[in-house]
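Worksheet for the structure shown next.
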Amino acid sequence: MPSKERLLDAVRERPLLGDGAMGTQLMLAGLEQGQCGEAWNIAHPEKVLAIQRRYAGAGSDCILTNTFGGSRLMLNRHSQADQVVEINRAGVLLAREAFGRRPGFVIGDIGPFGGLMEPYGDFTETQVRRAFDEQARALVDAGAEAIIVETQTSLEELVLGIQAAKEAGAPCTIGSMAYDVTLDGSTFRTMMGIDPERAAEFMQSRGADIVALNCGTGMDMTRARQAVERYRKVTGLPVMVQPNAGQPRLVNLQVVYDETPEQMMVGVVPLLKAGANIVGACCGSTPAHIRAFRQSIDAYQYENQAL
Ligand SMILES: [Zn+2]
């Protein structure tokens with residue numbers, strides 16, 4: 001059911017729980033490396049729905065659509081570019097269905113377009129903007145309550161996604177950066193050298209409603225808390241956080257992530273205390289992680305009410 005409240009109101013009222021990984025869950029469900037996971041919204045909707053139902057069942061308040069690579073430029077690599085609207089539309093409807101009769105927020109997911117823009121790469125700004133416009137419109141038209149432009153590393157690409165979401169009429173626009181811990185471990189910034197303060201100020205100036213971080217390398221729950229603190233220093237906008245379940249490792253040709261739900265959940269309350277408003281997880285996380293997060297968030301809320 002669509003939520004009666006607006007995401008932007010809910011987020012100012014109580015901490016919300018995001019969802020966990022989609023990509024790594026699709027692989028567990030049989031998607032092979034290099035295949036188009038977004039096409040499963042149409043080819044194997046029951047498999048996508050089963051994953052999202054497990055997140056809804058674990059207590060997620062917000063579920064991201066399975067449309068990370070759903071822009072024309074990404075789908076083109078899998079010869080699926082003629083299905084942009086169908087794939088994104090199906091993504092919204094599946095996430096909505098996952099909530100069943102319970103209210104929940106469907107967040108339309110836009111990932112990177114997967115290349116570099118001129119002068120570093122072959123793509124023009126106009127091509128990328130058009131691709132984001134088309135995807136954002138499909139997601140909003142299908143009923144997404146927000147758009148997240150995620151795993152972003154450059155402000156040039158991020159702004160095109162934010163503009164596309166706003167122009168499409170998204171009720172809420174979220175910008176989400178992927179930070180990597182530097183080699184000496186002293187700090188973190190995106191691959192393109194953007195630090196959290198710069199990103200948050202930029203997103204606010206371009207009209208984002210929520211500033212976020214997700215994925216990244218070495219960004220555990222402690223680093224994520226530091227990122228929230230750094231966002232908080234420069235913006236009053238709500239903050240969303242979705243870190244990975246540790247570092248990926250290759251074991252028997254399978255990518256595995258080591259952080260258990262028990263290990264990650266310890267970091268949830270510190271994130272909330274630092275000012276995070278929506279907490280979920282990214283690559284390697286599972287419904288079990290999200291269920292553990294739910295327990296932490298509920299306990300934290302209960303304590304705060306008791307005071
Ligand atoms: Zn990730």
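Residues are named by chain letter and number: chains run A, B, ... in the order of the structure tokens, numbers start at 1 in each chain, and ligands are numbered from 1 in the order shown.
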
Find the residues near Phe188 of chain A: any atom within 10 Å, counting only C-alpha atoms, skip ones fewer than 6 places away on the same chain, and give them as an MDAnalysis selection string. chainID A and resid 178:182 194:196 216:219 223:224 226:227

Saved selection, atoms kept: N, CA and C atoms, as a CSV table (one decimal), in the first residue's frame:
chain,number,residue,atom,x,y,z
A,178,ALA,N,29.2,7.1,-3.0
A,178,ALA,CA,30.0,6.0,-2.6
A,178,ALA,C,31.4,6.4,-2.2
A,179,TYR,N,31.7,6.3,-0.9
A,179,TYR,CA,33.1,6.7,-0.5
A,179,TYR,C,34.0,5.5,-0.4
A,180,ASP,N,35.3,5.8,-0.6
A,180,ASP,CA,36.3,4.8,-0.4
A,180,ASP,C,37.2,5.3,0.7
A,181,VAL,N,37.6,4.4,1.6
A,181,VAL,CA,38.6,4.8,2.6
A,181,VAL,C,40.0,4.9,1.9
A,182,THR,N,40.7,6.0,2.2
A,182,THR,CA,42.0,6.2,1.5
A,182,THR,C,43.0,5.1,1.9
A,194,ILE,N,35.8,13.4,-4.1
A,194,ILE,CA,34.8,14.3,-3.4
A,194,ILE,C,34.7,13.9,-2.0
A,195,ASP,N,34.8,14.8,-1.0
A,195,ASP,CA,34.6,14.5,0.4
A,195,ASP,C,33.2,14.8,0.8
A,196,PRO,N,32.8,14.2,2.0
A,196,PRO,CA,31.4,14.3,2.4
A,196,PRO,C,30.9,15.7,2.5
A,216,GLY,N,30.6,1.6,-1.3
A,216,GLY,CA,32.0,2.1,-1.0
A,216,GLY,C,32.9,1.0,-0.6
A,217,THR,N,34.2,1.4,-0.4
A,217,THR,CA,35.2,0.4,-0.1
A,217,THR,C,35.7,0.8,1.3
A,218,GLY,N,35.7,-0.2,2.2
A,218,GLY,CA,36.2,0.1,3.6
A,218,GLY,C,35.2,0.9,4.4
A,219,MET,N,34.0,1.2,3.9
A,219,MET,CA,33.1,2.0,4.7
A,219,MET,C,32.2,1.1,5.6
A,223,ARG,N,32.9,4.0,10.0
A,223,ARG,CA,33.1,5.0,8.9
A,223,ARG,C,31.8,5.7,8.5
A,224,ALA,N,30.8,4.9,8.4
A,224,ALA,CA,29.5,5.5,8.0
A,224,ALA,C,29.1,6.5,9.0
A,226,GLN,N,31.0,8.3,10.9
A,226,GLN,CA,31.8,9.5,10.7
A,226,GLN,C,31.3,10.3,9.5
A,227,ALA,N,30.8,9.6,8.5
A,227,ALA,CA,30.3,10.3,7.3
A,227,ALA,C,29.0,11.1,7.7

Where does segment 94-139 of chain A meet segment 5-20 of chain A within 12 Å, residue by residue, with the nearest atom pair and distance in Å to one decimal for each, counting only C-alpha atoms, listed by chain and rising number, as a tab-separated table?
residue	atom	partner	partner_atom	distance
A:Ala95	CA	A:Asp19	CA	10.9
A:Ala98	CA	A:Asp19	CA	11.8
A:Phe99	CA	A:Asp19	CA	11.9
A:Pro103	CA	A:Glu5	CA	9.2
A:Gly104	CA	A:Leu7	CA	9.2
A:Phe105	CA	A:Leu7	CA	6.8
A:Val106	CA	A:Leu7	CA	9.4
A:Ile107	CA	A:Leu7	CA	9.6

Quick one: distance from atom CA of Pro243 of chain A to atom CA of Asp133 of chain A in Å, one decimal? 26.9 Å

I need the residues of segment 98-290 of chain A that end up classed as alpha helix (DSSP H) by DSSP on the backbone, written out as a ChimeraX atom specification. /A:98-99,125-141,155-167,196-205,221-234,261-265,268-274,287-290

Could you pull out the residues sitting within 7 Å of ligand 1, using only C-alpha atoms and all ligand atoms, and write them as a VMD selection string? chain A and resid 21 214 to 216 244 282 to 283

For the selection you just gave me, I'd like the residues written to a file as a PDB file, in the first residue's frame, keeping C-alpha atoms.
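That gives us part.pdb:
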ATOM      1  CA  ALA A  21      21.359  -5.707  -1.001  1.00  0.00           C
ATOM      2  CA  ASN A 214      25.949   3.780   0.231  1.00  0.00           C
ATOM      3  CA  CYS A 215      28.334   1.035  -0.822  1.00  0.00           C
ATOM      4  CA  GLY A 216      31.979   2.140  -1.033  1.00  0.00           C
ATOM      5  CA  ASN A 244      28.101  -2.766   2.650  1.00  0.00           C
ATOM      6  CA  CYS A 282      24.188  -2.325   0.604  1.00  0.00           C
ATOM      7  CA  CYS A 283      26.205  -5.117  -1.035  1.00  0.00           C
TER       8      CYS A 283
END

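Between Gln242 of chain A and the residues A:Ala199, A:Cys62, A:Glu167, A:Val128, the shortest atom-to-atom distance, using only C-alpha atoms, involves A:Cys62.
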
I'd like to know which of A:Ala146, A:Lys166, A:Asp61, A:Leu94 is closest to Asn277 of chain A, using only C-alpha atoms.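 Smallest separation from Asn277 of chain A among the options: A:Asp61.
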
What is the atom CA of Gln33 of chain A-atom CA of Ala245 of chain A distance in Å, reported with one decimal? 19.2 Å

Among listed residues A:Ile51, A:Val255, A:Met1, A:Ala276, nearest Val239 of chain A (using only C-alpha atoms):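 The closest residue to Val239 of chain A is A:Ala276.
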
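Every protein or nucleic acid residue with an atom no more than 10 Å from Glu259 of chain A, counting only C-alpha atoms and leaving out same-chain residues fewer than 3 positions away, appears here: Asp220, Asn244, Ala245, Gly246, Gln247, Pro248, Val256, Glu262, Gln263, Met264, Met265, Gly284, Ser285 and His289 of chain A.
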
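Between atom CA of Thr286 of chain A and atom CA of Val85 of chain A there is a distance of 28.0 Å.
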
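Here the question is which of A:Val48, A:Val228, A:Leu250, A:Ile147 gets nearest to Leu93 of chain A using only C-alpha atoms, and that residue is A:Val48.
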
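Across A:Phe132, A:Gln254, A:Ser60, A:Ala165, the tightest approach to Asp298 of chain A is made by A:Ser60 when counting only C-alpha atoms.
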
Distance criterion (only C-alpha atoms): nearest to Asp82 of chain A out of A:Gly169, A:Gly70, A:Gly236, A:Pro119: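 Residue with the minimum atom-to-atom distance to Asp82 of chain A: A:Gly70.
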
Can you list every residue in segment 20-250 of chain A that DSSP puts in strand (DSSP E or B), as a PyMOL selection string? chain A and resi 62-64+104-110+117+123+146-152+173-177+180-181+188-189+210-215+217+239-243+248-250

Identify, on the basis of only C-alpha atoms, every residue whose closest approach to His44 of chain A does not exceed 12 Å; exclude the query and any residue fewer than 5 positions from it along the same chain; express the result as a list in words.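 Here the qualifying residues turn out to be Leu26, Ala29, Gly30, Leu31, Cys36, Gly37, Glu38, Ala39, Leu49, Ala50, Ile51, Asn66, Ile87, Ala90, Gly91 and Leu94 of chain A.
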
Write a file of the selected residues as a PDB file, in the first residue's frame, keeping N, CA, C and O atoms.
ATOM      1  N   LEU A  26      20.205 -11.292  -5.886  1.00  0.00           N
ATOM      2  CA  LEU A  26      19.840 -11.827  -7.212  1.00  0.00           C
ATOM      3  C   LEU A  26      20.816 -12.925  -7.632  1.00  0.00           C
ATOM      4  O   LEU A  26      20.420 -13.928  -8.205  1.00  0.00           O
ATOM      5  N   ALA A  29      19.961 -15.982  -6.117  1.00  0.00           N
ATOM      6  CA  ALA A  29      18.753 -16.550  -6.732  1.00  0.00           C
ATOM      7  C   ALA A  29      19.025 -17.079  -8.138  1.00  0.00           C
ATOM      8  O   ALA A  29      18.100 -17.518  -8.825  1.00  0.00           O
ATOM      9  N   GLY A  30      20.292 -17.007  -8.575  1.00  0.00           N
ATOM     10  CA  GLY A  30      20.645 -17.626  -9.844  1.00  0.00           C
ATOM     11  C   GLY A  30      21.086 -16.681 -10.952  1.00  0.00           C
ATOM     12  O   GLY A  30      21.435 -17.130 -12.043  1.00  0.00           O
ATOM     13  N   LEU A  31      21.082 -15.382 -10.686  1.00  0.00           N
ATOM     14  CA  LEU A  31      21.565 -14.444 -11.709  1.00  0.00           C
ATOM     15  C   LEU A  31      23.069 -14.632 -11.861  1.00  0.00           C
ATOM     16  O   LEU A  31      23.793 -14.668 -10.875  1.00  0.00           O
ATOM     17  N   CYS A  36      21.807  -9.261 -16.927  1.00  0.00           N
ATOM     18  CA  CYS A  36      21.062  -8.044 -16.607  1.00  0.00           C
ATOM     19  C   CYS A  36      20.036  -8.323 -15.501  1.00  0.00           C
ATOM     20  O   CYS A  36      18.969  -8.888 -15.757  1.00  0.00           O
ATOM     21  N   GLY A  37      20.362  -7.921 -14.266  1.00  0.00           N
ATOM     22  CA  GLY A  37      19.483  -8.174 -13.123  1.00  0.00           C
ATOM     23  C   GLY A  37      18.170  -7.422 -13.221  1.00  0.00           C
ATOM     24  O   GLY A  37      17.128  -7.891 -12.755  1.00  0.00           O
ATOM     25  N   GLU A  38      18.206  -6.244 -13.852  1.00  0.00           N
ATOM     26  CA  GLU A  38      16.999  -5.428 -13.945  1.00  0.00           C
ATOM     27  C   GLU A  38      15.968  -6.058 -14.876  1.00  0.00           C
ATOM     28  O   GLU A  38      14.760  -5.892 -14.684  1.00  0.00           O
ATOM     29  N   ALA A  39      16.457  -6.803 -15.874  1.00  0.00           N
ATOM     30  CA  ALA A  39      15.531  -7.460 -16.810  1.00  0.00           C
ATOM     31  C   ALA A  39      14.684  -8.516 -16.094  1.00  0.00           C
ATOM     32  O   ALA A  39      13.613  -8.894 -16.582  1.00  0.00           O
ATOM     33  N   LEU A  49      10.459 -10.289  -6.525  1.00  0.00           N
ATOM     34  CA  LEU A  49       9.438 -10.092  -5.488  1.00  0.00           C
ATOM     35  C   LEU A  49       9.768 -10.889  -4.220  1.00  0.00           C
ATOM     36  O   LEU A  49       9.610 -10.384  -3.106  1.00  0.00           O
ATOM     37  N   ALA A  50      10.252 -12.114  -4.408  1.00  0.00           N
ATOM     38  CA  ALA A  50      10.573 -12.952  -3.241  1.00  0.00           C
ATOM     39  C   ALA A  50      11.645 -12.283  -2.378  1.00  0.00           C
ATOM     40  O   ALA A  50      11.555 -12.287  -1.142  1.00  0.00           O
ATOM     41  N   ILE A  51      12.644 -11.680  -3.022  1.00  0.00           N
ATOM     42  CA  ILE A  51      13.711 -10.996  -2.268  1.00  0.00           C
ATOM     43  C   ILE A  51      13.129  -9.788  -1.532  1.00  0.00           C
ATOM     44  O   ILE A  51      13.359  -9.589  -0.332  1.00  0.00           O
ATOM     45  N   ASN A  66      14.334  -2.527  -8.036  1.00  0.00           N
ATOM     46  CA  ASN A  66      15.429  -3.255  -8.691  1.00  0.00           C
ATOM     47  C   ASN A  66      15.717  -2.629 -10.062  1.00  0.00           C
ATOM     48  O   ASN A  66      15.490  -3.226 -11.109  1.00  0.00           O
ATOM     49  N   ILE A  87      10.752  -1.994 -17.686  1.00  0.00           N
ATOM     50  CA  ILE A  87      11.586  -2.518 -16.598  1.00  0.00           C
ATOM     51  C   ILE A  87      11.473  -1.633 -15.355  1.00  0.00           C
ATOM     52  O   ILE A  87      11.354  -2.129 -14.231  1.00  0.00           O
ATOM     53  N   ALA A  90       7.867  -1.932 -13.887  1.00  0.00           N
ATOM     54  CA  ALA A  90       7.728  -3.212 -13.174  1.00  0.00           C
ATOM     55  C   ALA A  90       8.487  -3.160 -11.851  1.00  0.00           C
ATOM     56  O   ALA A  90       8.033  -3.710 -10.838  1.00  0.00           O
ATOM     57  N   GLY A  91       9.641  -2.492 -11.842  1.00  0.00           N
ATOM     58  CA  GLY A  91      10.431  -2.378 -10.611  1.00  0.00           C
ATOM     59  C   GLY A  91       9.641  -1.711  -9.496  1.00  0.00           C
ATOM     60  O   GLY A  91       9.662  -2.154  -8.341  1.00  0.00           O
ATOM     61  N   LEU A  94       6.677  -4.052  -8.339  1.00  0.00           N
ATOM     62  CA  LEU A  94       7.133  -5.193  -7.533  1.00  0.00           C
ATOM     63  C   LEU A  94       7.457  -4.761  -6.106  1.00  0.00           C
ATOM     64  O   LEU A  94       7.069  -5.425  -5.140  1.00  0.00           O
TER      65      LEU A  94
END
